[in-house]
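Asks: My structure is in data06.txt, and what it holds is compact mmCIF, N, CA and C atoms:
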# COMPACT_ATOMS: atom_id res chain seq x y z
N MET A 1 -8.30 -90.04 -19.67
CA MET A 1 -9.52 -89.53 -19.08
C MET A 1 -10.06 -90.57 -18.10
N ALA A 2 -10.44 -90.11 -16.94
CA ALA A 2 -10.97 -91.01 -15.92
C ALA A 2 -12.33 -91.54 -16.34
N ALA A 3 -12.60 -92.75 -15.92
CA ALA A 3 -13.91 -93.34 -16.20
C ALA A 3 -14.98 -92.56 -15.45
N ILE A 4 -16.12 -92.44 -16.06
CA ILE A 4 -17.22 -91.71 -15.46
C ILE A 4 -18.07 -92.70 -14.67
N LYS A 5 -18.28 -92.37 -13.40
CA LYS A 5 -19.08 -93.25 -12.53
C LYS A 5 -20.52 -93.30 -13.00
N ARG A 6 -21.09 -94.45 -12.84
CA ARG A 6 -22.50 -94.64 -13.15
C ARG A 6 -23.34 -93.84 -12.15
N SER A 7 -24.40 -93.24 -12.65
CA SER A 7 -25.26 -92.43 -11.80
C SER A 7 -26.72 -92.69 -12.15
N ARG A 8 -27.52 -93.02 -11.13
CA ARG A 8 -28.95 -93.24 -11.38
C ARG A 8 -29.62 -91.96 -11.87
N GLN A 9 -29.21 -90.82 -11.33
CA GLN A 9 -29.80 -89.56 -11.75
C GLN A 9 -29.47 -89.28 -13.22
N ARG A 10 -28.22 -89.52 -13.62
CA ARG A 10 -27.82 -89.30 -15.02
C ARG A 10 -28.60 -90.24 -15.94
N GLU A 11 -28.76 -91.48 -15.51
CA GLU A 11 -29.55 -92.42 -16.32
C GLU A 11 -30.99 -91.97 -16.45
N ALA A 12 -31.55 -91.43 -15.37
CA ALA A 12 -32.93 -90.93 -15.42
C ALA A 12 -33.03 -89.74 -16.37
N ILE A 13 -32.03 -88.87 -16.36
CA ILE A 13 -32.01 -87.71 -17.26
C ILE A 13 -31.91 -88.17 -18.70
N LEU A 14 -31.01 -89.12 -18.96
CA LEU A 14 -30.86 -89.64 -20.32
C LEU A 14 -32.14 -90.32 -20.78
N ASN A 15 -32.71 -91.16 -19.95
CA ASN A 15 -33.97 -91.83 -20.32
C ASN A 15 -35.06 -90.82 -20.60
N ASN A 16 -35.10 -89.76 -19.81
CA ASN A 16 -36.11 -88.74 -19.98
C ASN A 16 -36.02 -88.09 -21.36
N ILE A 17 -34.82 -87.70 -21.77
CA ILE A 17 -34.72 -87.03 -23.08
C ILE A 17 -34.83 -88.01 -24.24
N MET A 18 -34.46 -89.27 -24.01
CA MET A 18 -34.56 -90.26 -25.09
C MET A 18 -36.02 -90.63 -25.37
N LEU A 19 -36.86 -90.54 -24.35
CA LEU A 19 -38.26 -90.93 -24.51
C LEU A 19 -39.16 -89.77 -24.96
N ARG A 20 -38.56 -88.59 -25.10
CA ARG A 20 -39.35 -87.40 -25.44
C ARG A 20 -39.10 -86.99 -26.89
N THR A 21 -40.13 -86.40 -27.48
CA THR A 21 -39.98 -85.85 -28.83
C THR A 21 -40.20 -84.34 -28.83
N ASP A 22 -40.39 -83.75 -27.64
CA ASP A 22 -40.69 -82.32 -27.56
C ASP A 22 -39.45 -81.44 -27.39
N HIS A 23 -38.26 -82.02 -27.39
CA HIS A 23 -37.02 -81.26 -27.28
C HIS A 23 -37.05 -80.35 -26.04
N PRO A 24 -37.00 -80.96 -24.86
CA PRO A 24 -37.15 -80.19 -23.62
C PRO A 24 -35.95 -79.30 -23.31
N THR A 25 -36.19 -78.25 -22.53
CA THR A 25 -35.11 -77.45 -21.96
C THR A 25 -34.61 -78.19 -20.72
N ALA A 26 -33.51 -77.71 -20.16
CA ALA A 26 -33.00 -78.31 -18.91
C ALA A 26 -34.05 -78.18 -17.81
N GLU A 27 -34.76 -77.07 -17.79
CA GLU A 27 -35.80 -76.87 -16.78
C GLU A 27 -36.93 -77.88 -16.95
N ASP A 28 -37.29 -78.19 -18.20
CA ASP A 28 -38.32 -79.20 -18.46
C ASP A 28 -37.88 -80.57 -17.95
N VAL A 29 -36.62 -80.90 -18.23
CA VAL A 29 -36.08 -82.19 -17.77
C VAL A 29 -36.06 -82.23 -16.24
N TYR A 30 -35.61 -81.14 -15.65
CA TYR A 30 -35.57 -81.03 -14.18
C TYR A 30 -36.96 -81.27 -13.58
N ASN A 31 -37.96 -80.59 -14.10
CA ASN A 31 -39.32 -80.73 -13.57
C ASN A 31 -39.86 -82.15 -13.72
N SER A 32 -39.44 -82.83 -14.76
CA SER A 32 -39.88 -84.20 -14.98
C SER A 32 -39.12 -85.19 -14.10
N VAL A 33 -37.80 -85.06 -14.05
CA VAL A 33 -36.96 -86.02 -13.32
C VAL A 33 -37.14 -85.88 -11.81
N ARG A 34 -37.43 -84.69 -11.34
CA ARG A 34 -37.55 -84.53 -9.88
C ARG A 34 -38.78 -85.23 -9.31
N LYS A 35 -39.68 -85.70 -10.17
CA LYS A 35 -40.81 -86.51 -9.68
C LYS A 35 -40.28 -87.83 -9.13
N GLU A 36 -39.23 -88.35 -9.76
CA GLU A 36 -38.61 -89.59 -9.30
C GLU A 36 -37.50 -89.33 -8.29
N TYR A 37 -36.80 -88.21 -8.48
CA TYR A 37 -35.68 -87.82 -7.61
C TYR A 37 -35.95 -86.42 -7.07
N PRO A 38 -36.78 -86.31 -6.03
CA PRO A 38 -37.20 -84.98 -5.54
C PRO A 38 -36.05 -84.10 -5.04
N ASN A 39 -34.93 -84.69 -4.67
CA ASN A 39 -33.80 -83.91 -4.16
C ASN A 39 -32.81 -83.48 -5.25
N ILE A 40 -33.08 -83.84 -6.49
CA ILE A 40 -32.16 -83.46 -7.57
C ILE A 40 -32.20 -81.94 -7.75
N SER A 41 -31.05 -81.35 -8.05
CA SER A 41 -31.01 -79.90 -8.24
C SER A 41 -30.98 -79.59 -9.73
N LEU A 42 -31.37 -78.37 -10.05
CA LEU A 42 -31.32 -77.92 -11.44
C LEU A 42 -29.88 -77.93 -11.94
N GLY A 43 -28.94 -77.58 -11.07
CA GLY A 43 -27.52 -77.61 -11.44
C GLY A 43 -27.06 -79.00 -11.83
N THR A 44 -27.53 -80.01 -11.10
CA THR A 44 -27.19 -81.40 -11.43
C THR A 44 -27.73 -81.77 -12.80
N VAL A 45 -28.93 -81.32 -13.11
CA VAL A 45 -29.52 -81.61 -14.42
C VAL A 45 -28.69 -80.92 -15.51
N TYR A 46 -28.34 -79.65 -15.32
CA TYR A 46 -27.52 -78.94 -16.30
C TYR A 46 -26.17 -79.65 -16.51
N ARG A 47 -25.49 -79.99 -15.41
CA ARG A 47 -24.17 -80.65 -15.53
C ARG A 47 -24.28 -81.98 -16.26
N ASN A 48 -25.31 -82.76 -15.93
CA ASN A 48 -25.46 -84.07 -16.56
C ASN A 48 -25.87 -83.96 -18.02
N LEU A 49 -26.72 -82.99 -18.35
CA LEU A 49 -27.06 -82.79 -19.76
C LEU A 49 -25.81 -82.39 -20.55
N SER A 50 -25.00 -81.53 -19.99
CA SER A 50 -23.76 -81.12 -20.66
C SER A 50 -22.83 -82.32 -20.85
N LEU A 51 -22.72 -83.15 -19.83
CA LEU A 51 -21.89 -84.36 -19.92
C LEU A 51 -22.44 -85.31 -20.98
N LEU A 52 -23.76 -85.50 -21.01
CA LEU A 52 -24.37 -86.39 -22.01
C LEU A 52 -24.13 -85.88 -23.43
N VAL A 53 -24.17 -84.57 -23.60
CA VAL A 53 -23.87 -83.98 -24.91
C VAL A 53 -22.40 -84.26 -25.26
N ASP A 54 -21.49 -84.00 -24.31
CA ASP A 54 -20.06 -84.24 -24.54
C ASP A 54 -19.77 -85.71 -24.87
N MET A 55 -20.55 -86.62 -24.27
CA MET A 55 -20.34 -88.05 -24.50
C MET A 55 -21.02 -88.53 -25.79
N GLY A 56 -21.79 -87.66 -26.44
CA GLY A 56 -22.46 -88.04 -27.67
C GLY A 56 -23.79 -88.75 -27.47
N HIS A 57 -24.35 -88.68 -26.25
CA HIS A 57 -25.63 -89.33 -25.96
C HIS A 57 -26.82 -88.40 -26.12
N ALA A 58 -26.56 -87.12 -26.34
CA ALA A 58 -27.61 -86.12 -26.50
C ALA A 58 -27.08 -85.01 -27.40
N VAL A 59 -28.00 -84.20 -27.89
CA VAL A 59 -27.65 -83.10 -28.78
C VAL A 59 -28.27 -81.83 -28.22
N LYS A 60 -27.50 -80.73 -28.23
CA LYS A 60 -28.03 -79.42 -27.88
C LYS A 60 -28.73 -78.85 -29.09
N VAL A 61 -29.89 -78.25 -28.87
CA VAL A 61 -30.65 -77.62 -29.95
C VAL A 61 -30.86 -76.15 -29.54
N PRO A 62 -29.91 -75.28 -29.93
CA PRO A 62 -30.05 -73.87 -29.58
C PRO A 62 -31.10 -73.20 -30.47
N CYS A 63 -31.93 -72.36 -29.88
CA CYS A 63 -33.01 -71.70 -30.61
C CYS A 63 -32.76 -70.20 -30.73
N ASP A 64 -33.44 -69.58 -31.66
CA ASP A 64 -33.21 -68.17 -31.93
C ASP A 64 -33.63 -67.25 -30.78
N ASP A 65 -34.42 -67.75 -29.85
CA ASP A 65 -34.84 -66.93 -28.71
C ASP A 65 -33.85 -67.02 -27.56
N GLY A 66 -32.73 -67.72 -27.76
CA GLY A 66 -31.70 -67.86 -26.75
C GLY A 66 -31.84 -69.09 -25.87
N SER A 67 -32.97 -69.78 -25.98
CA SER A 67 -33.16 -70.99 -25.18
C SER A 67 -32.38 -72.15 -25.80
N VAL A 68 -32.02 -73.10 -24.95
CA VAL A 68 -31.33 -74.30 -25.41
C VAL A 68 -32.20 -75.49 -25.05
N HIS A 69 -32.48 -76.30 -26.04
CA HIS A 69 -33.28 -77.51 -25.85
C HIS A 69 -32.36 -78.71 -26.06
N PHE A 70 -32.84 -79.88 -25.68
CA PHE A 70 -32.02 -81.09 -25.79
C PHE A 70 -32.79 -82.16 -26.53
N ASP A 71 -32.03 -82.98 -27.25
CA ASP A 71 -32.61 -84.03 -28.07
C ASP A 71 -31.86 -85.32 -27.77
N GLY A 72 -32.59 -86.38 -27.46
CA GLY A 72 -31.99 -87.68 -27.22
C GLY A 72 -31.74 -88.46 -28.49
N ARG A 73 -32.21 -87.94 -29.62
CA ARG A 73 -31.94 -88.58 -30.92
C ARG A 73 -30.65 -88.00 -31.46
N VAL A 74 -29.61 -88.81 -31.47
CA VAL A 74 -28.30 -88.31 -31.87
C VAL A 74 -27.95 -88.60 -33.33
N MET A 75 -28.77 -89.41 -34.00
CA MET A 75 -28.49 -89.67 -35.41
C MET A 75 -28.77 -88.39 -36.20
N PRO A 76 -28.09 -88.19 -37.33
CA PRO A 76 -28.24 -86.94 -38.08
C PRO A 76 -29.69 -86.69 -38.50
N HIS A 77 -30.16 -85.49 -38.21
CA HIS A 77 -31.46 -85.02 -38.65
C HIS A 77 -31.51 -83.51 -38.46
N TYR A 78 -32.47 -82.88 -39.10
CA TYR A 78 -32.64 -81.45 -38.98
C TYR A 78 -33.73 -81.12 -37.98
N HIS A 79 -33.85 -79.84 -37.65
CA HIS A 79 -34.90 -79.39 -36.74
C HIS A 79 -35.69 -78.25 -37.37
N PHE A 80 -36.94 -78.17 -36.98
CA PHE A 80 -37.85 -77.10 -37.40
C PHE A 80 -38.47 -76.51 -36.14
N GLN A 81 -38.50 -75.18 -36.05
CA GLN A 81 -39.19 -74.54 -34.92
C GLN A 81 -40.29 -73.64 -35.46
N CYS A 82 -41.48 -73.84 -34.91
CA CYS A 82 -42.62 -73.02 -35.28
C CYS A 82 -42.44 -71.63 -34.67
N THR A 83 -42.56 -70.61 -35.49
CA THR A 83 -42.38 -69.24 -35.00
C THR A 83 -43.60 -68.75 -34.23
N SER A 84 -44.68 -69.52 -34.25
CA SER A 84 -45.88 -69.12 -33.52
C SER A 84 -45.95 -69.82 -32.16
N CYS A 85 -45.99 -71.16 -32.15
CA CYS A 85 -46.14 -71.90 -30.89
C CYS A 85 -44.79 -72.25 -30.26
N ARG A 86 -43.69 -72.07 -30.98
CA ARG A 86 -42.31 -72.30 -30.52
C ARG A 86 -41.95 -73.77 -30.36
N ARG A 87 -42.82 -74.69 -30.74
CA ARG A 87 -42.49 -76.12 -30.65
C ARG A 87 -41.38 -76.44 -31.65
N ILE A 88 -40.61 -77.47 -31.32
CA ILE A 88 -39.51 -77.92 -32.17
C ILE A 88 -39.86 -79.32 -32.67
N TYR A 89 -39.67 -79.53 -33.95
CA TYR A 89 -39.97 -80.80 -34.59
C TYR A 89 -38.70 -81.35 -35.25
N ASP A 90 -38.62 -82.68 -35.31
CA ASP A 90 -37.54 -83.34 -36.05
C ASP A 90 -37.90 -83.42 -37.52
N ILE A 91 -36.90 -83.24 -38.37
CA ILE A 91 -37.03 -83.50 -39.80
C ILE A 91 -36.01 -84.59 -40.10
N ASP A 92 -36.50 -85.78 -40.37
CA ASP A 92 -35.61 -86.90 -40.62
C ASP A 92 -34.98 -86.80 -42.01
N PHE A 93 -33.77 -87.31 -42.11
CA PHE A 93 -33.10 -87.37 -43.40
C PHE A 93 -33.76 -88.42 -44.28
N THR A 94 -33.99 -88.07 -45.51
CA THR A 94 -34.36 -89.04 -46.53
C THR A 94 -33.09 -89.29 -47.33
N GLU A 95 -33.10 -90.26 -48.20
CA GLU A 95 -31.93 -90.50 -49.05
C GLU A 95 -31.61 -89.26 -49.87
N GLU A 96 -32.65 -88.58 -50.35
CA GLU A 96 -32.43 -87.38 -51.16
C GLU A 96 -31.80 -86.26 -50.33
N LEU A 97 -32.29 -86.06 -49.10
CA LEU A 97 -31.70 -85.02 -48.24
C LEU A 97 -30.25 -85.35 -47.90
N GLU A 98 -29.96 -86.61 -47.61
CA GLU A 98 -28.58 -87.01 -47.31
C GLU A 98 -27.69 -86.74 -48.51
N SER A 99 -28.17 -87.06 -49.70
CA SER A 99 -27.40 -86.85 -50.91
C SER A 99 -27.14 -85.36 -51.13
N ARG A 100 -28.16 -84.54 -50.93
CA ARG A 100 -28.00 -83.09 -51.11
C ARG A 100 -27.08 -82.50 -50.06
N GLU A 101 -27.16 -83.00 -48.82
CA GLU A 101 -26.26 -82.49 -47.78
C GLU A 101 -24.81 -82.83 -48.14
N LYS A 102 -24.58 -84.05 -48.63
CA LYS A 102 -23.23 -84.43 -49.03
C LYS A 102 -22.73 -83.54 -50.16
N GLU A 103 -23.58 -83.27 -51.14
CA GLU A 103 -23.19 -82.37 -52.24
C GLU A 103 -22.86 -80.98 -51.72
N LEU A 104 -23.66 -80.47 -50.80
CA LEU A 104 -23.41 -79.15 -50.22
C LEU A 104 -22.09 -79.13 -49.46
N LEU A 105 -21.86 -80.15 -48.63
CA LEU A 105 -20.60 -80.23 -47.88
C LEU A 105 -19.40 -80.31 -48.83
N ASP A 106 -19.51 -81.10 -49.88
CA ASP A 106 -18.42 -81.19 -50.86
C ASP A 106 -18.15 -79.85 -51.51
N SER A 107 -19.22 -79.12 -51.88
CA SER A 107 -19.06 -77.81 -52.51
C SER A 107 -18.44 -76.80 -51.55
N VAL A 108 -18.92 -76.78 -50.32
CA VAL A 108 -18.38 -75.83 -49.34
C VAL A 108 -16.93 -76.18 -49.01
N ASN A 109 -16.62 -77.47 -48.87
CA ASN A 109 -15.25 -77.90 -48.60
C ASN A 109 -14.31 -77.47 -49.71
N ALA A 110 -14.79 -77.50 -50.96
CA ALA A 110 -13.95 -77.10 -52.10
C ALA A 110 -13.60 -75.61 -52.04
N GLU A 111 -14.46 -74.80 -51.43
CA GLU A 111 -14.26 -73.36 -51.35
C GLU A 111 -13.65 -72.90 -50.03
N PHE A 112 -13.60 -73.78 -49.05
CA PHE A 112 -13.18 -73.42 -47.70
C PHE A 112 -11.76 -73.88 -47.45
N ASP A 113 -10.97 -73.02 -46.82
CA ASP A 113 -9.58 -73.36 -46.50
C ASP A 113 -9.55 -74.09 -45.16
N GLY A 114 -9.92 -75.34 -45.18
CA GLY A 114 -10.00 -76.17 -43.99
C GLY A 114 -10.75 -77.43 -44.34
N CYS A 115 -11.20 -78.14 -43.35
CA CYS A 115 -11.93 -79.38 -43.60
C CYS A 115 -13.20 -79.41 -42.76
N ILE A 116 -14.32 -79.27 -43.41
CA ILE A 116 -15.61 -79.30 -42.73
C ILE A 116 -16.03 -80.76 -42.58
N LYS A 117 -16.44 -81.13 -41.37
CA LYS A 117 -16.81 -82.52 -41.08
C LYS A 117 -18.32 -82.74 -41.06
N GLY A 118 -19.09 -81.69 -40.89
CA GLY A 118 -20.54 -81.85 -40.80
C GLY A 118 -21.22 -80.51 -40.87
N SER A 119 -22.53 -80.54 -40.77
CA SER A 119 -23.29 -79.30 -40.81
C SER A 119 -24.56 -79.46 -39.97
N SER A 120 -25.19 -78.34 -39.74
CA SER A 120 -26.43 -78.33 -38.98
C SER A 120 -27.36 -77.33 -39.65
N ALA A 121 -28.60 -77.71 -39.79
CA ALA A 121 -29.59 -76.79 -40.36
C ALA A 121 -30.78 -76.71 -39.42
N PHE A 122 -31.31 -75.52 -39.28
CA PHE A 122 -32.46 -75.28 -38.42
C PHE A 122 -33.46 -74.51 -39.25
N PHE A 123 -34.65 -75.04 -39.39
CA PHE A 123 -35.68 -74.42 -40.21
C PHE A 123 -36.71 -73.74 -39.32
N TYR A 124 -37.27 -72.64 -39.81
CA TYR A 124 -38.27 -71.87 -39.07
C TYR A 124 -39.49 -71.65 -39.94
N GLY A 125 -40.63 -71.50 -39.33
CA GLY A 125 -41.86 -71.22 -40.06
C GLY A 125 -43.05 -71.57 -39.20
N LEU A 126 -44.14 -71.89 -39.83
CA LEU A 126 -45.35 -72.26 -39.10
C LEU A 126 -45.58 -73.76 -39.21
N CYS A 127 -45.86 -74.39 -38.07
CA CYS A 127 -46.22 -75.81 -38.10
C CYS A 127 -47.62 -75.93 -38.70
N ARG A 128 -48.00 -77.15 -39.03
CA ARG A 128 -49.30 -77.38 -39.66
C ARG A 128 -50.44 -76.85 -38.80
N GLU A 129 -50.39 -77.13 -37.50
CA GLU A 129 -51.48 -76.70 -36.62
C GLU A 129 -51.61 -75.18 -36.58
N CYS A 130 -50.50 -74.47 -36.44
CA CYS A 130 -50.56 -73.00 -36.40
C CYS A 130 -50.98 -72.42 -37.76
N GLN A 131 -50.52 -73.05 -38.83
CA GLN A 131 -50.92 -72.59 -40.16
C GLN A 131 -52.43 -72.78 -40.37
N GLU A 132 -52.96 -73.91 -39.91
CA GLU A 132 -54.40 -74.15 -40.03
C GLU A 132 -55.19 -73.17 -39.17
N ASN A 133 -54.68 -72.84 -37.99
CA ASN A 133 -55.36 -71.87 -37.13
C ASN A 133 -55.41 -70.49 -37.78
N LEU A 134 -54.39 -70.13 -38.54
CA LEU A 134 -54.39 -68.84 -39.25
C LEU A 134 -55.43 -68.82 -40.35
N THR A 135 -55.58 -69.93 -41.07
CA THR A 135 -56.51 -69.95 -42.19
C THR A 135 -57.95 -70.10 -41.70
N ASP A 136 -58.13 -70.61 -40.47
CA ASP A 136 -59.48 -70.75 -39.91
C ASP A 136 -60.04 -69.41 -39.42
N ASN A 137 -59.16 -68.47 -39.12
CA ASN A 137 -59.62 -67.17 -38.57
C ASN A 137 -60.01 -66.20 -39.65
Reformat the file's structure so that it appears as structure tokens.
Replies:
Amino acid sequence: MAAIKRSRQREAILNNIMLRTDHPTAEDVYNSVRKEYPNISLGTVYRNLSLLVDMGHAVKVPCDDGSVHFDGRVMPHYHFQCTSCRRIYDIDFTEELESREKELLDSVNAEFDGCIKGSSAFFYGLCRECQENLTDN
């Protein structure tokens, strides 16, 4: 595989998603990065986000509404999306969650004709703010 040339735009895209916790879409990243690089195209942002995911520097977070968000945190963790405000939150692994995930993977591997290497979980419901807004009304 050929070496990938260094790109200031790609670095700006990576920095943008690494500094964010809101799990932006490609359009969100584009709108943010074009402040520094006004001539950048949306296509360039999409291609670079895809490359960063392929290189393991970012994670795609597909949502039930068909949108795809991106996360600069590549260490294992789960995601939660509020069904009311649509925001996405990180759920960090605790030792107990890691242990339970390993147990689940071991159990599924025992029943599956193949070798599962990992898993992904996406949780849905109401975030604290939306839940409080419901109880206030």
Asks: Where does DSSP see strand (DSSP E or B) in segment 2-124 of chain A, if you list the residues as a list in words?
Replies: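 The residues of segment 2-124 of chain A classed as strand (DSSP E or B) are Thr25, Val59, Lys60, Val61, Pro62, Val68, His69, Phe70, Asp71, His77, Tyr78, His79, Phe80, Gln81, Cys82, Ile88, Tyr89, Asp90, Ile91, Asp92, Phe122, Phe123 and Tyr124 of chain A.
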Asks: Could you pull the residues within 6.5 Å of Tyr124 of chain A, counting only N, CA and C atoms, minus those fewer than 5 positions along the same chain, as a ChimeraX atom specification?
Replies: /A:79-83
Asks: I need the residues of segment 49-136 of chain A that end up classed as helix (DSSP H, G or I) by DSSP on the backbone, written out as a PyMOL selection string.
Replies: chain A and resi 49-54+95-111+128-136
Asks: Just the number, please: distance in Å from atom C of Asn133 of chain A to atom CA of Ser84 of chain A, one decimal.
Replies: 10.5 Å
Asks: Compile the contact shell of segment 62-70 of chain A as an MDAnalysis selection string: residues with an atom at most 6 Å away, counting only C-alpha atoms, same-chain residues fewer than 2 positions apart removed.
Replies: chainID A and resid 23:25 59:60
Asks: May I have the residues from that selection written out with N, CA and C atoms, as a CSV table (one decimal), in the frame of the given file?
Replies:
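Listed below is the output, out.csv:
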chain,number,residue,atom,x,y,z
A,23,HIS,N,-38.3,-82.0,-27.4
A,23,HIS,CA,-37.0,-81.3,-27.3
A,23,HIS,C,-37.0,-80.4,-26.0
A,24,PRO,N,-37.0,-81.0,-24.9
A,24,PRO,CA,-37.2,-80.2,-23.6
A,24,PRO,C,-36.0,-79.3,-23.3
A,25,THR,N,-36.2,-78.2,-22.5
A,25,THR,CA,-35.1,-77.4,-22.0
A,25,THR,C,-34.6,-78.2,-20.7
A,59,VAL,N,-28.0,-84.2,-27.9
A,59,VAL,CA,-27.6,-83.1,-28.8
A,59,VAL,C,-28.3,-81.8,-28.2
A,60,LYS,N,-27.5,-80.7,-28.2
A,60,LYS,CA,-28.0,-79.4,-27.9
A,60,LYS,C,-28.7,-78.8,-29.1
Asks: Separation of atom CA of Asn31 of chain A and atom CA of His57 of chain A, in Å?
Replies: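 Interatomic distance here is 20.4 Å.
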Asks: Compile the contact shell of segment 90-93 of chain A as a list in words: residues with an atom at most 6 Å away, counting all atoms listed in the file, same-chain residues fewer than 2 positions apart removed.
Replies: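 Once the adjacent positions are removed, what remains is Pro76, His77, Tyr78, His79, Phe80, Ile88, Glu95, Leu97 and Glu98 of chain A.
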Asks: So that I have them on file, write out the residues from the current selection with N, CA and C atoms, as a PDB file, in the frame of the given file.
Replies:
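After the write, again-v4.pdb holds the following:
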ATOM      1  N   PRO A  76     -28.090 -88.190 -37.330  1.00  0.00           N
ATOM      2  CA  PRO A  76     -28.240 -86.940 -38.080  1.00  0.00           C
ATOM      3  C   PRO A  76     -29.690 -86.690 -38.500  1.00  0.00           C
ATOM      4  N   HIS A  77     -30.160 -85.490 -38.210  1.00  0.00           N
ATOM      5  CA  HIS A  77     -31.460 -85.020 -38.650  1.00  0.00           C
ATOM      6  C   HIS A  77     -31.510 -83.510 -38.460  1.00  0.00           C
ATOM      7  N   TYR A  78     -32.470 -82.880 -39.100  1.00  0.00           N
ATOM      8  CA  TYR A  78     -32.640 -81.450 -38.980  1.00  0.00           C
ATOM      9  C   TYR A  78     -33.730 -81.120 -37.980  1.00  0.00           C
ATOM     10  N   HIS A  79     -33.850 -79.840 -37.650  1.00  0.00           N
ATOM     11  CA  HIS A  79     -34.900 -79.390 -36.740  1.00  0.00           C
ATOM     12  C   HIS A  79     -35.690 -78.250 -37.370  1.00  0.00           C
ATOM     13  N   PHE A  80     -36.940 -78.170 -36.980  1.00  0.00           N
ATOM     14  CA  PHE A  80     -37.850 -77.100 -37.400  1.00  0.00           C
ATOM     15  C   PHE A  80     -38.470 -76.510 -36.140  1.00  0.00           C
ATOM     16  N   ILE A  88     -40.610 -77.470 -31.320  1.00  0.00           N
ATOM     17  CA  ILE A  88     -39.510 -77.920 -32.170  1.00  0.00           C
ATOM     18  C   ILE A  88     -39.860 -79.320 -32.670  1.00  0.00           C
ATOM     19  N   GLU A  95     -33.100 -90.260 -48.200  1.00  0.00           N
ATOM     20  CA  GLU A  95     -31.930 -90.500 -49.050  1.00  0.00           C
ATOM     21  C   GLU A  95     -31.610 -89.260 -49.870  1.00  0.00           C
ATOM     22  N   LEU A  97     -32.290 -86.060 -49.100  1.00  0.00           N
ATOM     23  CA  LEU A  97     -31.700 -85.020 -48.240  1.00  0.00           C
ATOM     24  C   LEU A  97     -30.250 -85.350 -47.900  1.00  0.00           C
ATOM     25  N   GLU A  98     -29.960 -86.610 -47.610  1.00  0.00           N
ATOM     26  CA  GLU A  98     -28.580 -87.010 -47.310  1.00  0.00           C
ATOM     27  C   GLU A  98     -27.690 -86.740 -48.510  1.00  0.00           C
TER      28      GLU A  98
END
Asks: Which distance in Å separates atom CA of Asn15 of chain A and atom CA of Val33 of chain A, to one decimal?
Replies: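 Separating atom CA of Asn15 of chain A from atom CA of Val33 of chain A is a distance of 9.6 Å.
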